[in-house]
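**Q** Sharing final24.pdb, PDB, C-alpha atoms and all ligand atoms:
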```pdb
ATOM      1  CA  MET S1059    -118.649-121.668  -8.107
ATOM      2  CA  ASN S1060    -121.270-119.239  -6.860
ATOM      3  CA  LEU S1061    -124.363-120.111  -4.883
ATOM      4  CA  THR S1062    -126.773-119.877  -7.815
ATOM      5  CA  ASN S1063    -124.727-122.351  -9.822
ATOM      6  CA  GLU S1064    -124.487-124.676  -6.875
ATOM      7  CA  THR S1065    -128.254-124.619  -6.328
ATOM      8  CA  GLU S1066    -128.824-125.102 -10.023
ATOM      9  CA  ASN S1067    -126.428-128.050 -10.127
ATOM     10  CA  LYS S1068    -128.099-129.683  -7.139
ATOM     11  CA  GLU S1069    -131.458-129.138  -8.776
ATOM     12  CA  GLN S1070    -130.161-130.672 -11.970
ATOM     13  CA  ALA S1071    -128.681-133.670 -10.190
ATOM     14  CA  ALA S1072    -132.006-134.268  -8.454
ATOM     15  CA  GLY S1073    -133.756-133.832 -11.813
ATOM     16  CA  MET S1074    -131.554-136.380 -13.541
ATOM     17  CA  ASP S1075    -132.450-138.835 -10.816
ATOM     18  CA  ALA S1076    -136.121-138.073 -11.026
ATOM     19  CA  PHE S1077    -136.363-138.363 -14.804
ATOM     20  CA  PRO S1078    -133.186-139.595 -16.545
ATOM     21  CA  PHE S1079    -133.035-139.842 -20.325
ATOM     22  CA  HIS S1080    -133.107-143.416 -21.546
ATOM     23  CA  HIS S1081    -130.652-144.800 -24.059
ATOM     24  CA  ASP S1082    -132.781-146.553 -26.679
ATOM     25  CA  ALA S1083    -131.264-149.555 -28.470
ATOM     26  CA  TRP S1084    -130.981-149.466 -32.290
ATOM     27  CA  TRP S1085    -134.117-151.586 -32.660
ATOM     28  CA  GLY S1086    -136.074-149.209 -30.425
ATOM     29  CA  LYS S1087    -135.040-146.270 -32.615
ATOM     30  CA  THR S1088    -135.913-148.270 -35.747
ATOM     31  CA  LEU S1089    -139.369-148.930 -34.295
ATOM     32  CA  VAL S1090    -139.898-145.224 -33.536
ATOM     33  CA  LEU S1091    -138.751-144.323 -37.046
ATOM     34  CA  THR S1092    -141.220-146.863 -38.467
ATOM     35  CA  PHE S1093    -144.016-145.299 -36.385
ATOM     36  CA  VAL S1094    -143.091-141.910 -37.908
ATOM     37  CA  LEU S1095    -142.444-142.923 -41.526
ATOM     38  CA  VAL S1096    -145.212-145.466 -42.234
ATOM     39  CA  PRO S1097    -148.023-142.991 -41.382
ATOM     40  CA  LEU S1098    -146.186-140.364 -43.480
ATOM     41  CA  ALA S1099    -146.083-142.720 -46.483
ATOM     42  CA  ALA S1100    -149.750-143.575 -45.890
ATOM     43  CA  ALA S1101    -150.626-139.871 -45.874
ATOM     44  CA  ALA S1102    -148.916-139.508 -49.278
ATOM     45  CA  VAL S1103    -150.988-142.417 -50.657
ATOM     46  CA  ALA S1104    -154.124-140.852 -49.147
ATOM     47  CA  ILE S1105    -153.444-137.495 -50.827
ATOM     48  CA  GLY S1106    -153.098-139.363 -54.129
ATOM     49  CA  MET S1107    -156.481-141.012 -53.529
ATOM     50  CA  LEU S1108    -158.096-137.658 -52.691
ATOM     51  CA  TRP S1109    -156.645-136.276 -55.912
ATOM     52  CA  GLY S1110    -158.101-139.223 -57.814
ATOM     53  CA  ASP S1111    -161.509-138.629 -56.173
ATOM     54  CA  GLN S1112    -161.540-142.147 -54.661
ATOM     55  CA  VAL S1113    -162.542-141.120 -51.159
ATOM     56  CA  GLY S1114    -166.048-141.332 -49.725
ATOM     57  CA  TRP S1115    -167.781-140.200 -46.570
ATOM     58  CA  VAL S1116    -167.104-143.454 -44.697
ATOM     59  CA  GLU S1117    -163.335-142.925 -44.990
ATOM     60  CA  ILE S1118    -163.603-139.270 -43.936
ATOM     61  CA  GLY S1119    -165.910-140.254 -41.065
ATOM     62  CA  LEU S1120    -163.432-142.880 -39.843
ATOM     63  CA  LEU S1121    -160.602-140.358 -40.006
ATOM     64  CA  LEU S1122    -162.495-137.674 -38.070
ATOM     65  CA  GLY S1123    -164.036-140.094 -35.579
ATOM     66  CA  MET S1124    -160.811-141.903 -34.695
ATOM     67  CA  TRP S1125    -158.820-138.653 -34.626
ATOM     68  CA  THR S1126    -161.303-137.076 -32.188
ATOM     69  CA  TRP S1127    -161.392-140.148 -29.960
ATOM     70  CA  THR S1128    -157.640-140.730 -29.736
ATOM     71  CA  GLY S1129    -156.723-137.015 -29.742
ATOM     72  CA  LEU S1130    -158.987-136.320 -26.772
ATOM     73  CA  GLY S1131    -157.446-139.430 -25.188
ATOM     74  CA  ILE S1132    -153.968-137.872 -25.405
ATOM     75  CA  SER S1133    -155.100-134.453 -24.229
ATOM     76  CA  LEU S1134    -157.246-135.598 -21.302
ATOM     77  CA  GLY S1135    -155.766-139.035 -20.544
ATOM     78  CA  PHE S1136    -152.002-138.775 -20.920
ATOM     79  CA  HIS S1137    -151.620-135.016 -20.549
ATOM     80  CA  ARG S1138    -154.126-133.357 -18.220
ATOM     81  CA  MET S1139    -155.036-136.344 -16.017
ATOM     82  CA  LEU S1140    -151.944-138.542 -15.851
ATOM     83  CA  THR S1141    -149.079-136.041 -16.178
ATOM     84  CA  HIS S1142    -150.544-133.005 -14.439
ATOM     85  CA  ARG S1143    -153.196-134.531 -12.145
ATOM     86  CA  ALA S1144    -155.482-131.691 -13.264
ATOM     87  CA  PHE S1145    -158.541-133.807 -12.496
ATOM     88  CA  THR S1146    -159.374-137.182 -11.018
ATOM     89  CA  ALA S1147    -161.626-139.675 -12.758
ATOM     90  CA  ARG S1148    -163.396-142.837 -11.698
ATOM     91  CA  ALA S1149    -161.414-146.007 -12.436
ATOM     92  CA  PRO S1150    -163.313-147.135 -15.594
ATOM     93  CA  THR S1151    -163.060-143.634 -17.116
ATOM     94  CA  ARG S1152    -159.409-143.416 -16.142
ATOM     95  CA  LEU S1153    -158.762-146.734 -17.874
ATOM     96  CA  LEU S1154    -160.744-145.726 -20.965
ATOM     97  CA  LEU S1155    -158.933-142.372 -21.264
ATOM     98  CA  LEU S1156    -155.500-144.031 -20.998
ATOM     99  CA  ILE S1157    -156.403-146.749 -23.507
ATOM    100  CA  SER S1158    -157.784-144.128 -25.941
ATOM    101  CA  ALA S1159    -154.487-142.244 -25.683
ATOM    102  CA  THR S1160    -152.325-145.317 -26.394
ATOM    103  CA  MET S1161    -154.166-145.667 -29.718
ATOM    104  CA  SER S1162    -152.433-142.425 -30.825
ATOM    105  CA  LEU S1163    -149.179-144.402 -31.151
ATOM    106  CA  GLN S1164    -147.216-142.021 -28.929
ATOM    107  CA  GLY S1165    -145.789-144.694 -26.642
ATOM    108  CA  PRO S1166    -146.844-146.134 -23.278
ATOM    109  CA  PRO S1167    -148.409-143.872 -20.604
ATOM    110  CA  ALA S1168    -145.676-143.715 -17.930
ATOM    111  CA  ASP S1169    -142.936-142.965 -20.515
ATOM    112  CA  TRP S1170    -145.051-140.246 -22.137
ATOM    113  CA  ALA S1171    -145.923-138.622 -18.822
ATOM    114  CA  ALA S1172    -142.421-138.867 -17.257
ATOM    115  CA  THR S1173    -140.889-137.304 -20.393
ATOM    116  CA  HIS S1174    -143.463-134.529 -20.266
ATOM    117  CA  ILE S1175    -142.827-133.913 -16.543
ATOM    118  CA  ARG S1176    -139.180-133.363 -17.466
ATOM    119  CA  HIS S1177    -140.250-130.954 -20.251
ATOM    120  CA  HIS S1178    -142.043-128.779 -17.692
ATOM    121  CA  ALA S1179    -139.200-128.995 -15.164
ATOM    122  CA  LYS S1180    -136.563-127.947 -17.714
ATOM    123  CA  ALA S1181    -138.688-126.066 -20.267
ATOM    124  CA  ASP S1182    -136.468-124.300 -22.807
ATOM    125  CA  ARG S1183    -133.377-124.833 -20.657
ATOM    126  CA  GLU S1184    -130.647-127.422 -20.748
ATOM    127  CA  GLY S1185    -132.195-130.837 -20.171
ATOM    128  CA  ASP S1186    -135.536-130.102 -21.887
ATOM    129  CA  PRO S1187    -136.270-133.163 -24.100
ATOM    130  CA  HIS S1188    -137.640-131.069 -26.973
ATOM    131  CA  SER S1189    -136.935-127.357 -26.878
ATOM    132  CA  PRO S1190    -136.938-125.511 -30.238
ATOM    133  CA  LEU S1191    -133.828-123.712 -28.938
ATOM    134  CA  GLU S1192    -132.090-126.849 -30.291
ATOM    135  CA  GLY S1193    -133.816-126.375 -33.653
ATOM    136  CA  PHE S1194    -137.352-126.584 -35.003
ATOM    137  CA  TRP S1195    -137.103-130.155 -36.325
ATOM    138  CA  HIS S1196    -135.447-131.358 -33.136
ATOM    139  CA  ALA S1197    -138.420-130.001 -31.154
ATOM    140  CA  HIS S1198    -140.927-131.394 -33.650
ATOM    141  CA  LEU S1199    -139.704-134.997 -34.030
ATOM    142  CA  GLY S1200    -135.888-135.237 -34.052
ATOM    143  CA  TRP S1201    -135.813-135.583 -30.253
ATOM    144  CA  LEU S1202    -137.651-138.918 -30.551
ATOM    145  CA  LEU S1203    -134.528-140.458 -32.094
ATOM    146  CA  ARG S1204    -131.994-138.803 -29.791
ATOM    147  CA  ASP S1205    -132.409-140.644 -26.488
ATOM    148  CA  ARG S1206    -134.650-137.983 -24.989
ATOM    149  CA  MET S1207    -137.367-140.249 -23.636
ATOM    150  CA  VAL S1208    -137.709-140.917 -19.900
ATOM    151  CA  ARG S1209    -138.434-144.583 -19.235
ATOM    152  CA  SER S1210    -137.269-144.924 -15.601
ATOM    153  CA  GLY S1211    -136.483-142.846 -12.493
ATOM    154  CA  LEU S1212    -138.520-141.497  -9.597
ATOM    155  CA  ALA S1213    -141.175-139.733 -11.650
ATOM    156  CA  HIS S1214    -141.682-142.894 -13.736
ATOM    157  CA  ASP S1215    -141.813-145.105 -10.601
ATOM    158  CA  LYS S1216    -144.421-142.822  -9.057
ATOM    159  CA  LEU S1217    -146.621-143.071 -12.143
ATOM    160  CA  MET S1218    -146.205-146.849 -12.211
ATOM    161  CA  ALA S1219    -147.401-147.135  -8.607
ATOM    162  CA  ASP S1220    -150.951-146.862  -9.990
ATOM    163  CA  PRO S1221    -152.189-150.342 -11.052
ATOM    164  CA  ILE S1222    -154.269-148.913 -13.926
ATOM    165  CA  VAL S1223    -151.210-147.118 -15.336
ATOM    166  CA  ARG S1224    -149.140-150.281 -14.878
ATOM    167  CA  PHE S1225    -151.699-152.339 -16.753
ATOM    168  CA  VAL S1226    -151.910-149.930 -19.725
ATOM    169  CA  GLN S1227    -148.115-149.500 -19.731
ATOM    170  CA  ARG S1228    -147.650-153.261 -20.161
ATOM    171  CA  THR S1229    -150.405-153.758 -22.716
ATOM    172  CA  TRP S1230    -150.140-150.508 -24.680
ATOM    173  CA  ILE S1231    -149.115-152.111 -27.977
ATOM    174  CA  VAL S1232    -152.265-154.269 -27.843
ATOM    175  CA  TRP S1233    -154.460-151.141 -27.574
ATOM    176  CA  ALA S1234    -152.454-149.342 -30.241
ATOM    177  CA  THR S1235    -153.168-152.329 -32.540
ATOM    178  CA  VAL S1236    -156.858-152.294 -31.586
ATOM    179  CA  GLY S1237    -156.840-148.617 -32.646
ATOM    180  CA  PHE S1238    -155.989-149.789 -36.173
ATOM    181  CA  LEU S1239    -158.285-152.808 -36.194
ATOM    182  CA  ILE S1240    -161.447-150.875 -35.218
ATOM    183  CA  PRO S1241    -161.493-148.607 -38.325
ATOM    184  CA  ALA S1242    -160.320-151.528 -40.481
ATOM    185  CA  ALA S1243    -163.223-153.694 -39.256
ATOM    186  CA  ILE S1244    -165.710-150.861 -39.844
ATOM    187  CA  GLY S1245    -164.218-150.453 -43.334
ATOM    188  CA  TYR S1246    -164.636-154.195 -43.952
ATOM    189  CA  PHE S1247    -168.367-154.045 -43.259
ATOM    190  CA  ALA S1248    -169.208-150.512 -44.446
ATOM    191  CA  LEU S1249    -167.101-150.435 -47.609
ATOM    192  CA  GLY S1250    -167.171-154.118 -48.440
ATOM    193  CA  GLY S1251    -164.589-156.858 -47.992
ATOM    194  CA  TRP S1252    -160.831-156.769 -47.692
ATOM    195  CA  MET S1253    -160.421-153.690 -49.869
ATOM    196  CA  GLY S1254    -162.706-151.899 -47.406
ATOM    197  CA  PHE S1255    -160.590-153.290 -44.557
ATOM    198  CA  LEU S1256    -157.476-151.701 -46.085
ATOM    199  CA  GLU S1257    -159.253-148.394 -46.730
ATOM    200  CA  GLY S1258    -160.461-148.292 -43.116
ATOM    201  CA  LEU S1259    -156.943-149.094 -41.913
ATOM    202  CA  LEU S1260    -155.512-146.341 -44.106
ATOM    203  CA  TRP S1261    -157.906-143.517 -43.182
ATOM    204  CA  GLY S1262    -159.014-144.334 -39.633
ATOM    205  CA  GLY S1263    -155.603-145.819 -38.725
ATOM    206  CA  LEU S1264    -152.500-144.544 -40.507
ATOM    207  CA  VAL S1265    -153.643-141.150 -41.820
ATOM    208  CA  ARG S1266    -155.292-140.446 -38.463
ATOM    209  CA  VAL S1267    -152.031-141.324 -36.615
ATOM    210  CA  PHE S1268    -150.048-139.113 -39.021
ATOM    211  CA  ILE S1269    -152.294-136.107 -38.323
ATOM    212  CA  GLY S1270    -152.392-136.795 -34.565
ATOM    213  CA  HIS S1271    -148.600-137.104 -34.335
ATOM    214  CA  HIS S1272    -147.841-133.865 -36.145
ATOM    215  CA  ILE S1273    -150.448-131.944 -34.188
ATOM    216  CA  THR S1274    -149.072-133.125 -30.823
ATOM    217  CA  TRP S1275    -145.543-132.336 -32.016
ATOM    218  CA  SER S1276    -146.660-128.873 -33.201
ATOM    219  CA  VAL S1277    -147.442-128.034 -29.582
ATOM    220  CA  ASN S1278    -143.758-128.747 -28.791
ATOM    221  CA  SER S1279    -142.369-126.949 -31.847
ATOM    222  CA  ILE S1280    -144.750-124.244 -33.166
ATOM    223  CA  ALA S1281    -146.344-123.374 -29.797
ATOM    224  CA  HIS S1282    -142.878-122.777 -28.290
ATOM    225  CA  ILE S1283    -141.981-120.323 -31.099
ATOM    226  CA  PHE S1284    -145.036-118.536 -32.534
ATOM    227  CA  GLY S1285    -147.868-116.917 -30.604
ATOM    228  CA  THR S1286    -148.609-114.694 -27.639
ATOM    229  CA  ARG S1287    -147.427-114.865 -24.032
ATOM    230  CA  PRO S1288    -150.105-113.286 -21.842
ATOM    231  CA  TYR S1289    -148.765-114.949 -18.668
ATOM    232  CA  GLN S1290    -145.302-114.702 -17.166
ATOM    233  CA  THR S1291    -143.335-117.932 -17.489
ATOM    234  CA  THR S1292    -139.629-118.784 -17.525
ATOM    235  CA  ASP S1293    -139.921-120.535 -20.911
ATOM    236  CA  GLU S1294    -140.910-119.788 -24.501
ATOM    237  CA  ALA S1295    -144.366-121.386 -24.482
ATOM    238  CA  ARG S1296    -146.935-119.462 -26.555
ATOM    239  CA  ASN S1297    -150.668-119.281 -27.031
ATOM    240  CA  ASN S1298    -151.208-120.252 -30.662
ATOM    241  CA  TRP S1299    -154.854-120.238 -31.777
ATOM    242  CA  LEU S1300    -154.163-122.249 -34.925
ATOM    243  CA  VAL S1301    -152.456-125.070 -33.016
ATOM    244  CA  ALA S1302    -155.213-124.894 -30.371
ATOM    245  CA  LEU S1303    -157.863-125.286 -33.078
ATOM    246  CA  PHE S1304    -156.510-128.718 -34.066
ATOM    247  CA  SER S1305    -155.048-129.961 -30.762
ATOM    248  CA  TRP S1306    -158.174-130.189 -28.579
ATOM    249  CA  GLY S1307    -157.205-126.957 -26.793
ATOM    250  CA  GLU S1308    -153.557-127.839 -26.133
ATOM    251  CA  GLY S1309    -152.275-124.936 -28.255
ATOM    252  CA  TRP S1310    -153.040-122.387 -25.490
ATOM    253  CA  HIS S1311    -149.596-123.426 -24.399
ATOM    254  CA  ASN S1312    -148.557-120.264 -22.550
ATOM    255  CA  ASN S1313    -151.657-120.684 -20.369
ATOM    256  CA  HIS S1314    -150.589-124.277 -19.804
ATOM    257  CA  HIS S1315    -146.971-123.551 -18.848
ATOM    258  CA  ALA S1316    -148.121-120.777 -16.508
ATOM    259  CA  PHE S1317    -150.679-123.084 -14.857
ATOM    260  CA  PRO S1318    -149.734-126.715 -15.626
ATOM    261  CA  ARG S1319    -152.326-128.143 -13.226
ATOM    262  CA  ALA S1320    -155.223-126.211 -14.748
ATOM    263  CA  ALA S1321    -157.697-128.729 -16.194
ATOM    264  CA  TYR S1322    -159.087-126.141 -18.612
ATOM    265  CA  ILE S1323    -156.255-124.999 -20.875
ATOM    266  CA  GLY S1324    -158.495-122.549 -22.752
ATOM    267  CA  MET S1325    -159.079-120.011 -19.986
ATOM    268  CA  HIS S1326    -161.364-117.528 -21.723
ATOM    269  CA  TRP S1327    -164.710-118.370 -23.308
ATOM    270  CA  TRP S1328    -163.272-117.546 -26.727
ATOM    271  CA  GLN S1329    -160.252-119.852 -26.313
ATOM    272  CA  LEU S1330    -161.570-122.992 -27.994
ATOM    273  CA  ASP S1331    -160.825-126.027 -25.824
ATOM    274  CA  PRO S1332    -162.674-129.238 -26.769
ATOM    275  CA  GLY S1333    -160.854-131.040 -23.916
ATOM    276  CA  LYS S1334    -162.632-128.677 -21.500
ATOM    277  CA  TYR S1335    -166.031-129.368 -23.105
ATOM    278  CA  LEU S1336    -165.513-133.125 -22.740
ATOM    279  CA  LEU S1337    -164.557-132.606 -19.089
ATOM    280  CA  TRP S1338    -167.832-130.740 -18.579
ATOM    281  CA  VAL S1339    -169.704-133.731 -20.005
ATOM    282  CA  LEU S1340    -167.712-136.209 -17.879
ATOM    283  CA  LYS S1341    -168.400-134.099 -14.814
ATOM    284  CA  ALA S1342    -172.124-134.001 -15.591
ATOM    285  CA  CYS S1343    -172.029-137.827 -15.889
ATOM    286  CA  ARG S1344    -170.207-137.975 -12.515
ATOM    287  CA  GLN S1345    -167.177-139.635 -14.065
ATOM    288  CA  VAL S1346    -164.819-136.878 -12.991
ATOM    289  CA  THR S1347    -164.582-136.222  -9.279
ATOM    290  CA  SER S1348    -162.397-133.147  -8.934
ATOM    291  CA  ILE S1349    -161.233-130.523 -11.390
ATOM    292  CA  HIS S1350    -158.294-128.305 -10.572
ATOM    293  CA  MET S1351    -158.260-124.647 -11.692
ATOM    294  CA  PRO S1352    -156.297-121.615 -10.482
ATOM    295  CA  THR S1353    -158.347-118.820  -8.949
ATOM    296  CA  ARG S1354    -159.022-115.587 -10.813
ATOM    297  CA  GLU S1355    -156.576-113.823  -8.442
ATOM    298  CA  GLU S1356    -153.811-116.362  -9.142
ATOM    299  CA  ARG S1357    -154.310-115.839 -12.848
ATOM    300  CA  LEU S1358    -154.333-112.042 -12.592
ATOM    301  CA  ALA S1359    -151.125-112.133 -10.545
ATOM    302  CA  ARG S1360    -149.312-113.958 -13.349
ATOM    303  CA  ARG S1361    -150.538-111.712 -16.166
ATOM    304  CA  ARG S1362    -148.000-109.603 -17.983
ATOM    305  CA  SER S1363    -148.756-105.923 -18.420
ATOM    306  CA  ARG S1364    -150.811-105.576 -21.580
ATOM    307  CA  THR S1365    -148.740-105.418 -24.744
TER     308      THR S1365
HETATM  309 ZN    ZN S1401    -144.302-126.980 -23.641
HETATM  310 ZN    ZN S1402    -148.010-130.237 -19.854
END
```
Turn this file's structure into structure tokens for me.
Ligand SMILES: [Zn+2]
Ligand SMILES: [Zn+2]
**A**
Amino acid sequence: MNLTNETENKEQAAGMDAFPFHHDAWWGKTLVLTFVLVPLAAAAVAIGMLWGDQVGWVEIGLLLGMWTWTGLGISLGFHRMLTHRAFTARAPTRLLLLISATMSLQGPPADWAATHIRHHAKADREGDPHSPLEGFWHAHLGWLLRDRMVRSGLAHDKLMADPIVRFVQRTWIVWATVGFLIPAAIGYFALGGWMGFLEGLLWGGLVRVFIGHHITWSVNSIAHIFGTRPYQTTDEARNNWLVALFSWGEGWHNNHHAFPRAAYIGMHWWQLDPGKYLLWVLKACRQVTSIHMPTREERLARRRSRT
């Protein structure tokens, strides 16, 4: 065994300790599958309703409103703040961002973040939870059913040391349910009665979760295959403007893998990044206390020669 292999093995052993994959029981996998398939079925029903011209502005408003709220929750709460410590927020804002993210039905905060820490540590190498090198569908959603989540280990313990994270971790399913009940309640009052309740649940709940899921997963699948790589990285992450357009800025994924702690993932004025714009607002309201960004020199040093 040569030295490189030995170092790599040690690194891997340490990695396994820091963020081991969890073996999910059959009922856990069934639950995940339900979270994937029910929104898919709901989206099919919704397309049928659109076709039949049975959809009004309230339904569309609930879809867009809830999608924006929970999508920004994932991007800022789970991803930039919790996983990468790209900025620090005051406790109430921290709590609100984490709760907003749980409504996306992507699991509890410490599991999400620990799994994502492992993705960065092993990106597109053996041990990456969701590299498209194992196939497009594996990267998109297959990995969810293949024991690739991290639910324990050092990275998970570290995240759980924060009482706010611990609280949201233990109550996440309550907030995920609230994320369905809010649009359903608005539907009840705005559209009238229990039929309105169901329509609110469908558009602001299930269809919104369906869209949110596939957009987050597209960052793992599409943005590791298609797009440009302006910065040098050791993985396949790409800047994909189309994914960025729908993922609150997350699709500038080569920028992100080059500078994981950068709070602003869109690094040029023309790289649309709604997560960045919300951070500006939070900063103006003094809810965010520090924002991490690489210097211009650090960025220039990582740039590839123009292609
Ligand atoms: Zn990635
Ligand atoms: Zn990341």
**Q** Write out as a CSV table (one decimal) with C-alpha atoms, in the coordinates of the input each polymer residue (protein, DNA or RNA) that has an atom no more than 7 Å from ligand ZN 1402 (chain S), with all atoms listed in the file counted.
**A**
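In the end it all went to selection.csv:
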```csv
chain,number,residue,atom,x,y,z
S,1137,HIS,CA,-151.6,-135.0,-20.5
S,1141,THR,CA,-149.1,-136.0,-16.2
S,1142,HIS,CA,-150.5,-133.0,-14.4
S,1174,HIS,CA,-143.5,-134.5,-20.3
S,1178,HIS,CA,-142.0,-128.8,-17.7
S,1314,HIS,CA,-150.6,-124.3,-19.8
S,1315,HIS,CA,-147.0,-123.6,-18.8
S,1318,PRO,CA,-149.7,-126.7,-15.6
```
**Q** Kindly resolve the PyMOL selection byres (((not hetatm)) within 9 of (chain S and resi 1401)) on the present coordinates and return the residues as number ranges by chain.
**A** S: 1174, 1177-1178, 1181-1182, 1188-1189, 1277-1279, 1281-1282, 1293-1296, 1311-1312, 1314-1315
**Q** Kindly compute an axis-aligned box around the listed atoms of segment 1307-1324 of chain S, allowing 8 Å on each side, and express its centre and edge lengths in Å to one decimal as AutoDock Vina command-line options.
**A**
```
--center_x -153.0 --center_y -124.5 --center_z -20.7 --size_x 28.1 --size_y 24.5 --size_z 31.0
```
**Q** Just say which residues the PyMOL selection byres (((chain S and resi 1343-1356) around 7) and not hetatm) picks in this file, as a PyMOL selection string.
**A** chain S and resi 1144-1148+1151+1319-1321+1339-1342+1357-1360
**Q** Might you pull out every residue within 12 Å of Tyr1246 of chain S, with all atoms listed in the file counted and same-chain residues fewer than 2 positions away left off, and present them as a VMD selection string?
**A** chain S and resid 1116 to 1117 1239 to 1244 1248 to 1259
**Q** So how many Å separate atom CA of Leu1191 of chain S and atom CA of Asp1331 of chain S, to one decimal?
**A** 27.3 Å
**Q** Could you please determine the separation between atom CA of Gly1131 of chain S and atom CA of Ser1210 of chain S in Å, to one decimal place?
**A**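 According to the coordinates, atom CA of Gly1131 of chain S and atom CA of Ser1210 of chain S are separated by 23.0 Å.
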**Q** Which residues come within 12 Å of Ala1083 of chain S, counting only C-alpha atoms, excluding same-chain residues fewer than 5 positions away, as a list in words?
**A**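 Once the adjacent positions are removed, what remains is Thr1088, Leu1089, Val1090, Leu1203, Arg1204 and Asp1205 of chain S.
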**Q** For the PyMOL selection byres (((chain S and resi 1124) around 12) and not hetatm), applied here, can you spell out every residue it catches as a VMD selection string?
**A** chain S and resid 1116 to 1123 1125 to 1131 1158 to 1159 1161 to 1162 1236 to 1242 1244 1258 to 1270
**Q** From the set S:Gly1211, S:Gly1324, S:Gly1285, S:Pro1332, which residue has the shortest atom-to-atom contact distance to Asp1169 of chain S, counting only C-alpha atoms?
**A** S:Gly1211
